[in-house]
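Undergrad: File name final31.cif; file contents mmCIF, C-alpha atoms and all ligand atoms; full text below.
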data_coords
loop_
_atom_site.group_PDB
_atom_site.id
_atom_site.type_symbol
_atom_site.label_atom_id
_atom_site.label_comp_id
_atom_site.auth_asym_id
_atom_site.auth_seq_id
_atom_site.Cartn_x
_atom_site.Cartn_y
_atom_site.Cartn_z
ATOM 1 C CA MET A 1 -1.699 6.772 27.055
ATOM 2 C CA LYS A 2 -1.676 3.325 28.645
ATOM 3 C CA ALA A 3 -1.973 0.282 26.394
ATOM 4 C CA PHE A 4 -5.384 -1.317 26.558
ATOM 5 C CA ARG A 5 -5.597 -4.835 27.958
ATOM 6 C CA ASP A 6 -8.438 -7.250 27.419
ATOM 7 C CA PRO A 7 -8.411 -11.068 27.445
ATOM 8 C CA ARG A 8 -10.056 -10.984 24.023
ATOM 9 C CA ALA A 9 -6.984 -9.181 22.726
ATOM 10 C CA THR A 10 -4.838 -12.315 22.432
ATOM 11 C CA ALA A 11 -3.050 -11.976 19.115
ATOM 12 C CA LYS A 12 -4.064 -14.282 16.278
ATOM 13 C CA LYS A 13 -1.030 -15.097 14.175
ATOM 14 C CA SER A 14 -3.129 -16.056 11.185
ATOM 15 C CA LEU A 15 -4.480 -12.491 11.023
ATOM 16 C CA GLY A 16 -1.057 -10.859 11.286
ATOM 17 C CA GLN A 17 -1.864 -9.370 14.667
ATOM 18 C CA HIS A 18 1.032 -7.418 16.175
ATOM 19 C CA PHE A 19 -0.302 -4.634 18.326
ATOM 20 C CA LEU A 20 1.627 -1.399 18.359
ATOM 21 C CA ASN A 21 2.470 -0.284 21.882
ATOM 22 C CA ASP A 22 5.150 2.354 21.393
ATOM 23 C CA SER A 23 3.638 5.658 22.375
ATOM 24 C CA HIS A 24 6.134 7.754 20.395
ATOM 25 C CA ILE A 25 5.515 5.820 17.180
ATOM 26 C CA LEU A 26 1.745 5.835 17.637
ATOM 27 C CA HIS A 27 1.924 9.600 17.996
ATOM 28 C CA LYS A 28 4.059 10.004 14.892
ATOM 29 C CA ILE A 29 1.752 7.855 12.757
ATOM 30 C CA ALA A 30 -1.274 9.839 13.866
ATOM 31 C CA GLU A 31 0.483 13.088 12.947
ATOM 32 C CA LEU A 32 1.429 11.733 9.516
ATOM 33 C CA ALA A 33 -2.184 10.665 9.016
ATOM 34 C CA ARG A 34 -3.782 13.957 10.039
ATOM 35 C CA PRO A 35 -6.270 14.655 7.225
ATOM 36 C CA PRO A 36 -6.736 18.107 5.699
ATOM 37 C CA GLU A 37 -9.404 20.228 7.397
ATOM 38 C CA GLY A 38 -12.851 18.989 6.446
ATOM 39 C CA SER A 39 -11.748 15.481 5.434
ATOM 40 C CA GLY A 40 -11.806 12.154 7.262
ATOM 41 C CA LEU A 41 -9.859 9.000 7.990
ATOM 42 C CA ILE A 42 -10.228 5.294 7.306
ATOM 43 C CA GLU A 43 -8.187 2.972 9.502
ATOM 44 C CA VAL A 44 -7.355 -0.518 8.279
ATOM 45 C CA GLY A 45 -7.069 -3.180 10.995
ATOM 46 C CA PRO A 46 -7.629 -1.196 14.215
ATOM 47 C CA GLY A 47 -7.088 -4.314 16.364
ATOM 48 C CA THR A 48 -7.437 -3.343 20.032
ATOM 49 C CA GLY A 49 -7.480 0.344 19.109
ATOM 50 C CA ASN A 50 -4.136 1.763 20.266
ATOM 51 C CA LEU A 51 -3.674 3.681 17.016
ATOM 52 C CA THR A 52 -7.399 4.350 16.735
ATOM 53 C CA ALA A 53 -7.259 6.272 20.031
ATOM 54 C CA ARG A 54 -4.533 8.560 18.656
ATOM 55 C CA LEU A 55 -6.396 9.067 15.414
ATOM 56 C CA LEU A 56 -9.633 9.888 17.179
ATOM 57 C CA ALA A 57 -7.743 12.514 19.193
ATOM 58 C CA LEU A 58 -7.027 14.399 15.950
ATOM 59 C CA PHE A 59 -10.680 15.435 15.862
ATOM 60 C CA ALA A 60 -12.714 17.635 18.179
ATOM 61 C CA ASP A 61 -14.516 15.435 20.700
ATOM 62 C CA ASP A 62 -17.909 17.081 20.583
ATOM 63 C CA ALA A 63 -18.828 16.296 16.993
ATOM 64 C CA PRO A 64 -19.007 12.775 15.513
ATOM 65 C CA ALA A 65 -15.507 11.978 14.211
ATOM 66 C CA PRO A 66 -15.186 11.617 10.435
ATOM 67 C CA MET A 67 -13.642 8.197 10.875
ATOM 68 C CA CYS A 68 -14.311 4.552 10.201
ATOM 69 C CA ALA A 69 -12.304 1.366 10.385
ATOM 70 C CA ILE A 70 -12.163 -1.961 8.596
ATOM 71 C CA GLU A 71 -11.419 -5.076 10.611
ATOM 72 C CA ARG A 72 -11.546 -8.775 9.906
ATOM 73 C CA ASP A 73 -11.541 -10.103 13.471
ATOM 74 C CA GLU A 74 -14.996 -10.036 15.100
ATOM 75 C CA ARG A 75 -13.431 -9.921 18.597
ATOM 76 C CA MET A 76 -11.648 -6.698 17.693
ATOM 77 C CA ILE A 77 -14.804 -5.179 16.239
ATOM 78 C CA GLU A 78 -16.481 -5.718 19.600
ATOM 79 C CA LEU A 79 -13.502 -4.259 21.480
ATOM 80 C CA ILE A 80 -13.455 -1.118 19.342
ATOM 81 C CA ALA A 81 -17.189 -0.585 19.788
ATOM 82 C CA GLU A 82 -16.773 -0.799 23.589
ATOM 83 C CA ARG A 83 -13.549 1.145 23.886
ATOM 84 C CA PHE A 84 -14.766 4.101 21.826
ATOM 85 C CA HIS A 85 -18.475 3.876 22.686
ATOM 86 C CA GLY A 86 -19.449 3.484 19.054
ATOM 87 C CA ARG A 87 -17.643 6.663 17.960
ATOM 88 C CA VAL A 88 -15.643 4.713 15.379
ATOM 89 C CA PRO A 89 -17.897 2.604 13.159
ATOM 90 C CA VAL A 90 -16.148 -0.597 12.142
ATOM 91 C CA ILE A 91 -16.896 -2.322 8.879
ATOM 92 C CA SER A 92 -16.407 -6.059 9.093
ATOM 93 C CA GLY A 93 -14.451 -7.608 6.236
ATOM 94 C CA ASP A 94 -11.243 -8.078 4.306
ATOM 95 C CA ALA A 95 -9.661 -4.745 3.389
ATOM 96 C CA ALA A 96 -7.981 -6.335 0.364
ATOM 97 C CA VAL A 97 -11.305 -6.910 -1.371
ATOM 98 C CA MET A 98 -13.397 -3.982 -0.120
ATOM 99 C CA ASP A 99 -15.135 -1.548 -2.432
ATOM 100 C CA TRP A 100 -12.633 1.267 -1.788
ATOM 101 C CA GLN A 101 -14.373 3.507 -4.259
ATOM 102 C CA ALA A 102 -17.507 3.443 -2.093
ATOM 103 C CA LEU A 103 -15.610 3.649 1.217
ATOM 104 C CA LEU A 104 -13.692 6.735 0.140
ATOM 105 C CA ALA A 105 -16.818 8.381 -1.239
ATOM 106 C CA GLN A 106 -18.705 8.261 2.095
ATOM 107 C CA PRO A 107 -19.901 11.830 2.723
ATOM 108 C CA GLN A 108 -18.126 12.212 6.103
ATOM 109 C CA MET A 109 -14.797 11.439 4.377
ATOM 110 C CA GLY A 110 -14.863 14.804 2.631
ATOM 111 C CA PRO A 111 -12.869 15.611 -0.510
ATOM 112 C CA ARG A 112 -9.403 14.482 0.657
ATOM 113 C CA PRO A 113 -9.622 11.385 2.877
ATOM 114 C CA VAL A 114 -6.605 9.646 4.376
ATOM 115 C CA VAL A 115 -6.205 5.874 4.782
ATOM 116 C CA VAL A 116 -3.993 4.663 7.615
ATOM 117 C CA GLY A 117 -3.102 1.378 9.248
ATOM 118 C CA ASN A 118 -0.601 -0.877 10.906
ATOM 119 C CA LEU A 119 -1.269 -3.461 8.229
ATOM 120 C CA PRO A 120 -1.394 -7.230 8.696
ATOM 121 C CA TYR A 121 1.776 -8.199 6.803
ATOM 122 C CA TYR A 122 0.315 -11.311 5.146
ATOM 123 C CA ALA A 123 -2.154 -9.119 3.218
ATOM 124 C CA ALA A 124 -0.306 -5.779 3.138
ATOM 125 C CA MET A 125 0.479 -5.681 -0.587
ATOM 126 C CA HIS A 126 -3.059 -6.656 -1.553
ATOM 127 C CA ILE A 127 -4.521 -3.998 0.720
ATOM 128 C CA LEU A 128 -2.062 -1.380 -0.513
ATOM 129 C CA PHE A 129 -2.867 -2.024 -4.170
ATOM 130 C CA ALA A 130 -6.613 -2.149 -3.526
ATOM 131 C CA VAL A 131 -6.461 1.346 -1.996
ATOM 132 C CA ALA A 132 -3.867 2.912 -4.328
ATOM 133 C CA GLN A 133 -5.574 1.652 -7.487
ATOM 134 C CA ALA A 134 -9.074 2.807 -6.543
ATOM 135 C CA PRO A 135 -10.530 4.930 -9.369
ATOM 136 C CA LYS A 136 -10.334 7.950 -7.089
ATOM 137 C CA PRO A 137 -7.598 7.107 -4.565
ATOM 138 C CA PRO A 138 -7.282 8.794 -1.158
ATOM 139 C CA PHE A 139 -5.425 12.039 -0.606
ATOM 140 C CA ARG A 140 -2.734 10.152 1.324
ATOM 141 C CA MET A 141 -1.959 6.673 2.678
ATOM 142 C CA VAL A 142 0.086 6.039 5.806
ATOM 143 C CA PHE A 143 0.958 2.391 6.296
ATOM 144 C CA MET A 144 3.127 0.388 8.650
ATOM 145 C CA LEU A 145 4.676 -2.324 6.510
ATOM 146 C CA GLN A 146 7.351 -4.934 6.686
ATOM 147 C CA ARG A 147 10.647 -3.066 6.228
ATOM 148 C CA GLU A 148 11.601 -5.205 3.241
ATOM 149 C CA VAL A 149 8.343 -4.267 1.472
ATOM 150 C CA ALA A 150 8.850 -0.590 2.316
ATOM 151 C CA ASP A 151 12.335 -0.782 0.768
ATOM 152 C CA ARG A 152 10.847 -2.250 -2.413
ATOM 153 C CA LEU A 153 8.313 0.571 -2.650
ATOM 154 C CA VAL A 154 10.981 3.284 -2.672
ATOM 155 C CA ALA A 155 13.691 1.342 -4.556
ATOM 156 C CA LEU A 156 15.567 2.875 -7.494
ATOM 157 C CA PRO A 157 16.418 1.070 -10.762
ATOM 158 C CA SER A 158 19.295 -1.434 -10.802
ATOM 159 C CA THR A 159 19.130 -2.042 -7.061
ATOM 160 C CA PRO A 160 18.160 -5.438 -5.584
ATOM 161 C CA ALA A 161 14.888 -4.165 -4.096
ATOM 162 C CA TYR A 162 13.651 -2.629 -7.380
ATOM 163 C CA GLY A 163 10.836 -4.631 -8.910
ATOM 164 C CA GLN A 164 7.293 -4.603 -10.145
ATOM 165 C CA ILE A 165 5.810 -3.044 -7.022
ATOM 166 C CA SER A 166 8.342 -0.182 -7.184
ATOM 167 C CA VAL A 167 7.423 0.531 -10.801
ATOM 168 C CA LYS A 168 3.649 0.129 -10.459
ATOM 169 C CA LEU A 169 3.352 2.316 -7.380
ATOM 170 C CA GLN A 170 5.973 4.943 -8.181
ATOM 171 C CA LEU A 171 4.126 5.683 -11.425
ATOM 172 C CA ILE A 172 1.000 6.732 -9.543
ATOM 173 C CA CYS A 173 2.247 7.827 -6.110
ATOM 174 C CA ASP A 174 4.876 9.909 -4.437
ATOM 175 C CA ILE A 175 6.379 7.525 -1.846
ATOM 176 C CA LYS A 176 8.387 8.332 1.276
ATOM 177 C CA LEU A 177 9.823 6.073 3.929
ATOM 178 C CA ALA A 178 8.891 8.070 7.020
ATOM 179 C CA LEU A 179 9.942 5.935 9.971
ATOM 180 C CA LYS A 180 11.904 2.755 10.654
ATOM 181 C CA VAL A 181 10.429 0.628 13.420
ATOM 182 C CA GLY A 182 11.998 -2.299 15.260
ATOM 183 C CA PRO A 183 10.120 -5.421 16.437
ATOM 184 C CA GLY A 184 10.137 -4.205 20.061
ATOM 185 C CA ALA A 185 7.464 -1.603 19.309
ATOM 186 C CA PHE A 186 4.870 -4.370 18.903
ATOM 187 C CA SER A 187 3.293 -6.996 21.063
ATOM 188 C CA PRO A 188 3.889 -9.751 20.205
ATOM 189 C CA PRO A 189 7.028 -8.619 18.325
ATOM 190 C CA PRO A 190 7.096 -9.633 14.663
ATOM 191 C CA LYS A 191 10.129 -11.534 13.338
ATOM 192 C CA VAL A 192 10.946 -8.765 10.874
ATOM 193 C CA ASP A 193 11.738 -5.059 10.948
ATOM 194 C CA SER A 194 9.006 -2.620 9.988
ATOM 195 C CA ALA A 195 8.681 0.847 8.508
ATOM 196 C CA VAL A 196 6.035 3.507 8.095
ATOM 197 C CA VAL A 197 5.539 4.613 4.518
ATOM 198 C CA VAL A 198 3.612 7.642 3.284
ATOM 199 C CA LEU A 199 2.121 7.360 -0.201
ATOM 200 C CA THR A 200 0.615 10.398 -1.879
ATOM 201 C CA PRO A 201 -1.319 9.547 -5.048
ATOM 202 C CA LEU A 202 -0.468 11.871 -7.939
ATOM 203 C CA ALA A 203 -3.152 13.793 -9.836
ATOM 204 C CA ALA A 204 -1.967 12.003 -13.002
ATOM 205 C CA PRO A 205 0.612 9.257 -13.586
ATOM 206 C CA ARG A 206 4.176 10.596 -13.335
ATOM 207 C CA PHE A 207 4.813 9.647 -16.988
ATOM 208 C CA GLU A 208 2.403 8.911 -19.796
ATOM 209 C CA ALA A 209 1.929 5.130 -19.844
ATOM 210 C CA ALA A 210 -0.455 2.393 -20.995
ATOM 211 C CA PRO A 211 -3.839 2.364 -19.188
ATOM 212 C CA SER A 212 -3.510 1.161 -15.601
ATOM 213 C CA ALA A 213 -4.555 -2.497 -16.005
ATOM 214 C CA GLN A 214 -2.431 -2.922 -19.121
ATOM 215 C CA PHE A 215 0.565 -1.174 -17.493
ATOM 216 C CA SER A 216 0.306 -3.606 -14.571
ATOM 217 C CA ARG A 217 0.084 -6.575 -16.900
ATOM 218 C CA ILE A 218 3.156 -5.482 -18.875
ATOM 219 C CA VAL A 219 5.266 -4.678 -15.798
ATOM 220 C CA SER A 220 4.274 -7.968 -14.122
ATOM 221 C CA ALA A 221 5.340 -9.816 -17.274
ATOM 222 C CA GLY A 222 8.606 -7.868 -17.473
ATOM 223 C CA PHE A 223 9.601 -8.829 -13.940
ATOM 224 C CA ALA A 224 8.123 -12.336 -13.963
ATOM 225 C CA GLN A 225 11.521 -13.916 -14.554
ATOM 226 C CA ARG A 226 14.075 -11.647 -12.964
ATOM 227 C CA ARG A 227 17.083 -13.654 -14.089
ATOM 228 C CA LYS A 228 16.102 -13.407 -17.728
ATOM 229 C CA THR A 229 16.328 -10.495 -20.138
ATOM 230 C CA VAL A 230 13.264 -8.287 -20.215
ATOM 231 C CA VAL A 231 12.515 -9.599 -23.725
ATOM 232 C CA ASN A 232 12.391 -13.214 -22.550
ATOM 233 C CA SER A 233 10.481 -12.344 -19.419
ATOM 234 C CA LEU A 234 7.844 -10.420 -21.415
ATOM 235 C CA LEU A 235 7.632 -13.238 -23.972
ATOM 236 C CA SER A 236 6.827 -15.817 -21.319
ATOM 237 C CA THR A 237 3.385 -14.317 -20.683
ATOM 238 C CA LEU A 238 2.552 -11.797 -23.424
ATOM 239 C CA PRO A 239 1.442 -12.786 -26.945
ATOM 240 C CA LEU A 240 4.245 -10.862 -28.667
ATOM 241 C CA GLN A 241 7.155 -11.714 -30.933
ATOM 242 C CA SER A 242 10.723 -11.351 -29.749
ATOM 243 C CA ALA A 243 11.535 -9.066 -32.728
ATOM 244 C CA GLU A 244 8.625 -6.751 -31.852
ATOM 245 C CA ILE A 245 9.856 -6.262 -28.292
ATOM 246 C CA GLN A 246 13.437 -5.765 -29.454
ATOM 247 C CA LYS A 247 12.272 -3.095 -31.880
ATOM 248 C CA ALA A 248 10.433 -1.308 -29.049
ATOM 249 C CA LEU A 249 13.576 -1.424 -26.893
ATOM 250 C CA ALA A 250 15.627 -0.085 -29.810
ATOM 251 C CA GLU A 251 13.221 2.850 -30.105
ATOM 252 C CA LEU A 252 14.074 3.609 -26.478
ATOM 253 C CA GLY A 253 17.771 3.296 -27.267
ATOM 254 C CA LEU A 254 18.062 0.211 -25.045
ATOM 255 C CA ASP A 255 20.195 -2.895 -25.427
ATOM 256 C CA PRO A 256 18.046 -5.935 -26.379
ATOM 257 C CA ARG A 257 19.718 -7.939 -23.589
ATOM 258 C CA ILE A 258 18.713 -5.504 -20.849
ATOM 259 C CA ARG A 259 16.933 -6.830 -17.745
ATOM 260 C CA GLY A 260 13.720 -5.399 -16.358
ATOM 261 C CA GLU A 261 15.401 -4.118 -13.233
ATOM 262 C CA ALA A 262 17.657 -1.832 -15.300
ATOM 263 C CA LEU A 263 14.758 0.086 -16.866
ATOM 264 C CA THR A 264 13.850 3.372 -15.233
ATOM 265 C CA LEU A 265 10.261 4.266 -14.422
ATOM 266 C CA LYS A 266 10.118 6.520 -17.477
ATOM 267 C CA GLN A 267 11.462 3.750 -19.709
ATOM 268 C CA TRP A 268 8.833 1.362 -18.354
ATOM 269 C CA ALA A 269 6.187 3.969 -19.101
ATOM 270 C CA VAL A 270 7.302 4.462 -22.720
ATOM 271 C CA LEU A 271 7.805 0.729 -23.262
ATOM 272 C CA SER A 272 4.279 0.087 -21.967
ATOM 273 C CA LEU A 273 2.870 2.528 -24.540
ATOM 274 C CA LEU A 274 4.717 0.798 -27.375
ATOM 275 C CA LEU A 275 3.784 -2.719 -26.248
ATOM 276 C CA ASP A 276 0.185 -1.699 -25.576
ATOM 277 C CA GLY A 277 0.011 -0.493 -29.198
ATOM 278 C CA LEU A 278 1.257 -3.879 -30.403
ATOM 279 C CA LEU A 279 -1.074 -5.863 -28.129
ATOM 280 C CA ARG A 280 -4.071 -3.901 -29.381
ATOM 281 C CA GLN A 281 -3.318 -4.979 -32.947
ATOM 282 C CA LYS A 282 -3.455 -8.679 -32.016
HETATM 283 N N1 LIG B 1 -3.702 -1.295 14.389
HETATM 284 C C1 LIG B 1 -3.530 -2.224 15.489
HETATM 285 C C2 LIG B 1 -3.481 -3.679 15.030
HETATM 286 C C3 LIG B 1 -2.514 -4.012 13.943
HETATM 287 S S1 LIG B 1 -2.379 -5.734 13.661
HETATM 288 C C4 LIG B 1 -2.325 -1.846 16.303
HETATM 289 O O1 LIG B 1 -1.434 -1.199 15.733
HETATM 290 O O2 LIG B 1 -2.225 -2.201 17.450
HETATM 291 C C5 LIG B 1 -3.277 -5.919 12.143
HETATM 292 C C6 LIG B 1 -4.772 -5.812 12.307
HETATM 293 O O3 LIG B 1 -5.378 -6.045 11.033
HETATM 294 C C7 LIG B 1 -5.379 -6.843 13.242
HETATM 295 O O4 LIG B 1 -6.318 -6.222 14.070
HETATM 296 C C8 LIG B 1 -6.064 -7.851 12.321
HETATM 297 O O5 LIG B 1 -7.178 -8.507 12.875
HETATM 298 C C9 LIG B 1 -6.482 -6.949 11.164
HETATM 299 N N2 LIG B 1 -6.624 -7.660 9.886
HETATM 300 C C10 LIG B 1 -6.031 -8.797 9.492
HETATM 301 N N3 LIG B 1 -6.340 -9.097 8.232
HETATM 302 C C11 LIG B 1 -7.172 -8.125 7.795
HETATM 303 C C12 LIG B 1 -7.833 -7.871 6.556
HETATM 304 N N4 LIG B 1 -7.669 -8.686 5.521
HETATM 305 N N5 LIG B 1 -8.618 -6.788 6.474
HETATM 306 C C13 LIG B 1 -8.754 -5.943 7.534
HETATM 307 N N6 LIG B 1 -8.140 -6.121 8.717
HETATM 308 C C14 LIG B 1 -7.363 -7.193 8.854
#
As structure tokens, how would this structure be written, given the file I've shared?
TA:
Amino acid sequence: MKAFRDPRATAKKSLGQHFLNDSHILHKIAELARPPEGSGLIEVGPGTGNLTARLLALFADDAPAPMCAIERDERMIELIAERFHGRVPVISGDAAVMDWQALLAQPQMGPRPVVVGNLPYYAAMHILFAVAQAPKPPFRMVFMLQREVADRLVALPSTPAYGQISVKLQLICDIKLALKVGPGAFSPPPKVDSAVVVLTPLAAPRFEAAPSAQFSRIVSAGFAQRRKTVVNSLLSTLPLQSAEIQKALAELGLDPRIRGEALTLKQWAVLSLLLDGLLRQK
């Protein structure tokens, strides 16, 4: 498939526009994003539509495709309408603040929708969390991300890349790094390496933990000051006493001087339950 050229398609840096031109990678992403029979697809940031074309090809071309896209750039919305003759409805707006609950519940999306996109890197984490933390998340997410962010998503405890996004997302999703992608696959090439990540939301959190918003608050606090002990980091934003947190760590059999990055996902889950109990008493 030849890349689509249009003078309106000049990349806007401020919107993180790096158009994917590598045919092999476009094909692979579309295959990873193939939704289960009877379900649909939502594409984030279709841009000029190179990935959109591959996604559309996953569906029979006689029926209306169970697909829609979300795009922030009005020029691109116009391009997509022309290129696909209105077959892919585009919703104008910022994917980081969309009502994902409503988008995923559209009837044509079926029971197990997939969300896919070569994300704009400036907003990638916000978009990822908005989708993954929807009350009823999609069946699967396939996202092109900055390589460094992808590494953080799959990082294991006590490694440099392990942090709050690893813990928050690994609790609720199965995460796989599917494909490493160099800058040359894009036009214009980004300054960083990229990777395609597949996230599969779990039916229930991997370990029993504090309710989602509270878990996020506790993990954010625990990693807020990476150079400090987890006790001091938690104390800097949560209304708790040092002795209370130390007691919770002792219940987990952990050293009071441990740092947040040394706690496993399961330990974060149990700690969140204990701290949530304390916070509720305040
Ligand atoms: N999928 C295309 C374009 C990727 S570039 C391709 O692979 O060629 C990222 C795209 O996301 C751009 O089209 C950009 O306009 C769009 N975008 C930027 N910020 C956005 C946001 N907050 N919400 C939705 N789309 C956004």
Undergrad: Please give me, as a list in words, the residues lying within 7 Å of ligand LIG 1 (chain B) when counting only C-alpha atoms and all ligand atoms.
TA: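 Checking only C-alpha atoms and all ligand atoms against ligand LIG 1 (chain B) at 7 Å gives Leu15, Gly16, Gln17, His18, Phe19, Leu20, Asn21, Val44, Gly45, Pro46, Gly47, Thr48, Gly49, Asn50, Leu51, Ile70, Glu71, Arg72, Asp73, Met76, Gly93, Asp94, Ala95, Ala96, Gly117, Asn118, Leu119, Pro120 and Ala123 of chain A.
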Undergrad: What do you get, as an MDAnalysis selection string, if you spell out every residue that the PyMOL selection byres (((chain A and resi 6) around 12) and not hetatm) selects here?
TA: chainID A and resid 3:5 7:11 47:49 75:76 78:80 82:83
Undergrad: Identify the residues within 12 Å of coordinate (-6.0, -3.6, -19.7) (same frame as the file), considering all atoms listed in the file, and give the answer as a count of residues only.
TA: 18
Undergrad: For this file, the PyMOL selection byres (((chain A and resi 252-257) around 12) and not hetatm) selects which residues, as a VMD selection string?
TA: chain A and resid 227 to 233 242 to 251 258 to 264 266 to 274
Undergrad: Would you work out the distance separating atom CA of Glu37 of chain A from atom CA of Arg112 of chain A, expressed in Å to one decimal?
TA: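 Here the two named atoms are 8.9 Å from each other.
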Undergrad: Compile the contact shell of His27 of chain A as a list in words: residues with an atom at most 12 Å away, counting only C-alpha atoms, same-chain residues fewer than 5 positions apart removed.
TA: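 So, after excluding close chain neighbours, the residues are Met1, Leu20, Asn21, Asp22, Leu32, Ala33, Arg34, Asn50, Leu51, Thr52, Ala53, Arg54, Leu55, Leu56, Ala57, Leu58 and Leu179 of chain A.
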Undergrad: Under the rule that only C-alpha atoms are counted, which of A:Leu169, A:Ala221, A:Val115, A:Ala69 is the nearest residue to Pro35 of chain A?
TA: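 Checking each of A:Leu169, A:Ala221, A:Val115, A:Ala69 against Pro35 of chain A, counting only C-alpha atoms, the winner is A:Val115.
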Undergrad: In Å, with one decimal, what is the gap from atom CA of Arg87 of chain A to atom CA of Leu145 of chain A?
TA: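 Interatomic distance here is 26.6 Å.
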Undergrad: Can you list what the PyMOL selection byres (((chain A and resi 170) around 10) and not hetatm) grabs from this structure, as number ranges by chain?
TA: A: 153-156, 164-169, 171-175, 199-202, 205-206, 265
Undergrad: Measuring between all atoms listed in the file, which one of A:Ser187, A:Ser236, A:Gln241, A:Gln281 shows the shortest distance to Lys12 of chain A?
TA: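 Using all atoms listed in the file, Lys12 of chain A sits closest to A:Ser187.
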Undergrad: Grab the atom CA of Val142 of chain A to atom CA of Val198 of chain A distance for me, in Å with one decimal place.
TA: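 It comes out at 4.6 Å.
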Undergrad: Considering all atoms listed in the file, state which residue in the set A:Ala102, A:Lys136, A:Met125, A:Met144 is at the smallest distance from Glu43 of chain A.
TA: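 So, comparing all the options, the nearest one is A:Met144.
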